[in-house]
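> This structure is in structure tokens; I'll ask about it shortly.
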Amino acid sequence: MVAGLPSAPIDYSEARAFFGADPRDRWAGYLLGCLLVLARERGLQPATGVDILLHSDVPEGKGVSSSAAIEVATMRALAATFGLDLSGRDLALLCQLVENEVIGAPCGVMDQMTAACGEAEELLALRCQPCELEGSFAVPPSLEFVGIDSGVRHAIAGSDYGSVRTGTFVGARILTDLRGSPLPGAGAHGYLANQDLAEFQSRYADRLPETIGGAEFLAQYGGHADMLSPVDPGRTYAVRAPTRHPIEENARAERFAALLREPVTETSSRALGELMFAAHAGYTACGLGNPTTDFLVEQTRARQAAGAPLFGAKVTGGGSGGTVVVLGERGKVWYEALRIKKALLQHTGHSAHIFRWSSPGAMSFGTVDMEPVRG
């Protein structure tokens with residue numbers, strides 16, 4: 001134990017209150033939270049203090065996982081420093097704990113898994129039940145993804161994301177009662193994504209309420225499965241659309257993967273793009289839309305209709321702002337993105353950043369040991 005420090009790591013709730021007390025300090029929780037999580041979950045007991053130098057050029061609040069990037073980098077560096085052997089999956093789940101328990105953002109683990117286990121020019125195949133890596137797909141040589149920053153700050157901890165997430169778990173609880181059995185999947189509650197889409201549409205969708213008051217839900221059902229998404233008795237939650245979205249989105253993801261397993265053609269490229277357009281519409285329907293990201297998707301549609309080599313577009317991350325990813329022909333989609341950027345500048349006054357290229361995740365990249373030069 002280091003003199004002057006507590007004999008045991010503090011509780012997550014105490015850390016959350018500490019970093020949340022001043023908005024200027026909140027960002028530090030993404031770094032120092034890694035140390036706390038390693039202490040609480042892996043028994044780390046540093047014999048000395050540590051200096052952490054953070055250098056990142058991942059833009060904040062753009063829907064490109066800046067928080068996950070610094071969490072994963074910090075956790076990887078701390079693990080290497082203290083000799084902890086963490087798999088990519090372990091690394092991602094521990095970083096998700098930082099986000100959930102220290103920061104108080106009720107996020108999933110997709111961003112952390114991508115930052116930890118991603119590979120350059122590949123799409124990660126991930127089944128979040130809770131965190132199972134199913135390989136990856138190389139981006140076809142004829143296709144390319146680029147991202148266009150909308151200029152609207154995205155935040156997972158925002159009220160829109162939180163209320164939609166709560167409404168989704170409320171819907172899952174009601175759907176369980178309608179089914180008369182848990183949703184398919186491991187665990188007591190299963191996963192909405194495992195609900196068969198055709199069965200949902202034919203038997204259950206119309207029986208779910210469009211909305212429900214928090215007090216009414218709690219009185220009738222008692223609660224739901226997610227501790228990170230408490231129900232406020234004084235709020236009204238959308239239910240049907242947020243419940244439908246993960247069921248439909250899983251079907252879209254399965255279809256997207258199936259198309260990537262086959263040789264890419266003009267027809268299949270357009271099918272991939274239509275799945276992206278549909279995913280974006282799903283975000284909007286369940287309450288995670290934004291006029292500016294909608295504008296970027298509409299511009300992609302308009303350029304496509306005018307004959308541009310574009311196939312699809314959708315908002316990234318948790319929606320409600322952030323970045324829109326566009327799929328098009330490799331080498332040509334970049335120029336189309338510049339045209340869309342110009343339209344956005346005229347529409348909102350925002351000069352967007354365009355994201356291109358990709359890089360390996362932390363596990364593939366590894367660590368670099370640096371020692372001072374002694375002369």
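The way I read the labels, and the way they are meant: chains A, B, ... in the order of the structure tokens, residue 1 as the first residue of every chain, and ligand 1 as the first ligand shown, with later ones counted on from there.
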If we count only C-alpha atoms, what is near Pro106 (chain A) at a cut-off of 12 Å, once residues fewer than 4 positions away on the same chain are taken out, given as a list in words?

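The residues satisfying every condition are Gln96, Leu97, Val98, Glu99, Asn100, Glu101, Val102, Ala155, Ile156, Ala157, Gly158, Ser159, Asp160, Tyr161, Gly162, Ser163, Val164, Arg165, Thr166, Asp226, Met227, Leu228, Ser229, Pro230 and Gly318 of chain A.
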
> Please identify all polymer residues within 6 Å of Ala193 (chain A), counting only C-alpha atoms, omitting same-chain residues fewer than 5 positions from it, and present them as a PyMOL selection string.

chain A and resi 246-247+250

> Would you list, as a ChimeraX atom specification, the residues of region 61-287 of chain A that end up in helix (DSSP H, G or I) under DSSP run on this structure's backbone?

/A:66-81,88-103,110-117,159-179,192-194,197-207,214-221,240-260,266-285

> Got time to write the residues from that selection, C-alpha atoms, as a compact mmCIF listing (two decimals), in the first residue's frame?


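selection_15.txt written:
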# COMPACT_ATOMS: atom_id res chain seq x y z
CA SER A 66 -13.14 8.58 -28.87
CA SER A 67 -13.93 7.47 -25.32
CA ALA A 68 -13.46 3.79 -26.16
CA ALA A 69 -10.18 4.59 -27.91
CA ILE A 70 -8.61 6.26 -24.89
CA GLU A 71 -10.01 3.65 -22.50
CA VAL A 72 -8.57 0.77 -24.51
CA ALA A 73 -5.21 2.51 -24.99
CA THR A 74 -4.96 3.32 -21.29
CA MET A 75 -6.06 -0.13 -20.14
CA ARG A 76 -3.62 -1.81 -22.55
CA ALA A 77 -0.75 0.37 -21.34
CA LEU A 78 -1.55 -0.23 -17.67
CA ALA A 79 -1.85 -3.98 -18.23
CA ALA A 80 1.54 -4.04 -19.94
CA THR A 81 3.12 -1.87 -17.23
CA GLY A 88 -8.84 -8.58 -26.38
CA ARG A 89 -12.24 -9.62 -25.04
CA ASP A 90 -11.12 -9.08 -21.44
CA LEU A 91 -9.69 -5.69 -22.36
CA ALA A 92 -12.95 -4.58 -23.99
CA LEU A 93 -15.18 -5.78 -21.14
CA LEU A 94 -13.03 -4.06 -18.53
CA CYS A 95 -13.16 -0.84 -20.55
CA GLN A 96 -16.94 -1.16 -20.79
CA LEU A 97 -16.97 -1.28 -16.98
CA VAL A 98 -15.13 2.04 -16.93
CA GLU A 99 -17.79 3.57 -19.16
CA ASN A 100 -20.72 2.03 -17.29
CA GLU A 101 -19.61 2.21 -13.68
CA VAL A 102 -17.13 5.10 -13.47
CA ILE A 103 -18.47 7.47 -16.13
CA MET A 110 -19.09 -2.72 -29.47
CA ASP A 111 -16.82 0.33 -29.50
CA GLN A 112 -14.38 -1.15 -27.01
CA MET A 113 -14.22 -4.45 -28.92
CA THR A 114 -13.52 -2.61 -32.16
CA ALA A 115 -10.76 -0.52 -30.58
CA ALA A 116 -9.25 -3.64 -29.02
CA CYS A 117 -9.74 -6.32 -31.67
CA SER A 159 -31.05 11.89 -22.36
CA ASP A 160 -32.17 10.71 -25.81
CA TYR A 161 -29.92 7.65 -25.79
CA GLY A 162 -30.76 6.88 -22.16
CA SER A 163 -34.53 7.08 -22.61
CA VAL A 164 -34.45 5.01 -25.80
CA ARG A 165 -32.32 2.37 -24.09
CA THR A 166 -34.74 2.27 -21.16
CA GLY A 167 -37.69 2.00 -23.53
CA THR A 168 -35.99 -0.93 -25.24
CA PHE A 169 -35.58 -2.87 -22.00
CA VAL A 170 -39.15 -1.97 -21.02
CA GLY A 171 -40.28 -3.43 -24.34
CA ALA A 172 -38.19 -6.56 -23.83
CA ARG A 173 -39.87 -7.09 -20.47
CA ILE A 174 -43.36 -6.67 -21.94
CA LEU A 175 -42.47 -8.92 -24.88
CA THR A 176 -41.37 -11.65 -22.47
CA ASP A 177 -44.85 -11.62 -20.94
CA LEU A 178 -46.50 -11.67 -24.38
CA ARG A 179 -44.35 -14.65 -25.38
CA LEU A 192 -34.07 -9.12 -28.16
CA ALA A 193 -31.84 -9.66 -31.18
CA ASN A 194 -32.61 -13.40 -30.99
CA LEU A 197 -38.31 -11.08 -36.93
CA ALA A 198 -41.21 -12.68 -38.82
CA GLU A 199 -42.72 -13.99 -35.58
CA PHE A 200 -42.31 -10.59 -33.94
CA GLN A 201 -44.02 -8.81 -36.82
CA SER A 202 -46.91 -11.26 -37.06
CA ARG A 203 -47.59 -12.00 -33.40
CA TYR A 204 -46.22 -9.35 -31.10
CA ALA A 205 -45.44 -5.99 -32.70
CA ASP A 206 -49.00 -4.67 -32.69
CA ARG A 207 -49.53 -5.85 -29.11
CA GLY A 214 -42.85 4.81 -16.13
CA ALA A 215 -45.20 4.55 -13.15
CA GLU A 216 -47.65 2.38 -15.10
CA PHE A 217 -44.87 0.05 -16.23
CA LEU A 218 -43.45 -0.32 -12.73
CA ALA A 219 -46.88 -0.99 -11.26
CA GLN A 220 -47.68 -3.66 -13.84
CA TYR A 221 -44.30 -5.30 -14.43
CA ARG A 240 -42.70 -0.37 -29.76
CA ALA A 241 -40.15 1.36 -32.00
CA PRO A 242 -37.10 0.89 -29.70
CA THR A 243 -38.07 -2.76 -29.19
CA ARG A 244 -38.45 -3.36 -32.92
CA HIS A 245 -35.11 -1.76 -33.79
CA PRO A 246 -32.64 -4.37 -32.37
CA ILE A 247 -34.74 -7.21 -33.80
CA GLU A 248 -34.75 -5.66 -37.27
CA GLU A 249 -31.14 -4.51 -36.96
CA ASN A 250 -29.95 -8.02 -36.17
CA ALA A 251 -31.72 -9.31 -39.29
CA ARG A 252 -30.06 -6.54 -41.31
CA ALA A 253 -26.63 -7.38 -39.85
CA GLU A 254 -27.07 -11.07 -40.68
CA ARG A 255 -28.04 -10.16 -44.25
CA PHE A 256 -25.11 -7.74 -44.54
CA ALA A 257 -22.69 -10.48 -43.46
CA ALA A 258 -24.24 -12.97 -45.88
CA LEU A 259 -23.75 -10.52 -48.78
CA LEU A 260 -20.10 -10.01 -47.84
CA GLU A 266 -23.22 -3.99 -58.46
CA THR A 267 -26.46 -5.57 -57.28
CA SER A 268 -25.05 -6.77 -53.97
CA SER A 269 -23.31 -3.42 -53.40
CA ARG A 270 -26.65 -1.66 -53.75
CA ALA A 271 -28.22 -4.20 -51.41
CA LEU A 272 -25.52 -3.46 -48.80
CA GLY A 273 -26.28 0.23 -49.18
CA GLU A 274 -30.02 -0.24 -48.81
CA LEU A 275 -29.41 -2.10 -45.55
CA MET A 276 -27.47 0.92 -44.32
CA PHE A 277 -30.26 3.29 -45.32
CA ALA A 278 -32.75 1.05 -43.51
CA ALA A 279 -30.58 0.97 -40.38
CA HIS A 280 -30.50 4.77 -40.37
CA ALA A 281 -34.27 4.92 -40.69
CA GLY A 282 -34.51 2.52 -37.75
CA TYR A 283 -32.42 4.86 -35.60
CA THR A 284 -34.71 7.74 -36.49
CA ALA A 285 -37.89 5.73 -35.81

> Given the choices A:Ala343, A:Ala302, A:Leu143, A:Met370, which gets closest to Leu327 (chain A) if the distance is worked out from only C-alpha atoms?

A:Leu143

> Pick from A:Gly29, A:Pro263, A:Gly366, A:Pro141: nearest to Ala17 (chain A), with only C-alpha atoms counted?

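Among A:Gly29, A:Pro263, A:Gly366, A:Pro141, it is A:Gly29 that comes nearest to Ala17 (chain A).
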
> May I have the residues within 7 Å of Ala125 (chain A) as a ChimeraX atom specification, using only C-alpha atoms and disregarding those fewer than 5 positions away in the same chain?

/A:133-136

> Between A:Ala337, A:Phe311, A:Glu121, A:Gly185, which has the minimum distance to Ser359 (chain A) (counting only C-alpha atoms)?

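Answer, going by the shortest atom-to-atom distance: A:Glu121.
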
> What residues in region 23-199 of chain A get the DSSP label strand (DSSP E)? Please answer as a PyMOL selection string.

chain A and resi 122-127+132-138+143-149

> Excluding His350 (chain A) and any residue of its chain fewer than 3 positions from it, enumerate the residues within 12 Å of it, using only C-alpha atoms, and give them as a list in words.

Ile148, Asp149, Ser150, Gly151, Val152, Thr292, Ile340, Lys341, Lys342, Ala343, Leu344, Leu345, Gln346, His347 and His353 of chain A

> Can you tell me how far CA of Arg40 (chain A) sits from CA of Glu14 (chain A), in Å to one decimal?

13.1 Å

> Could you tell me which of A:Ser181, A:Ser142, A:Thr48, A:Ser364 comes closest to Pro309 (chain A) if we count only C-alpha atoms?

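Answer, going by the shortest atom-to-atom distance: A:Ser142.
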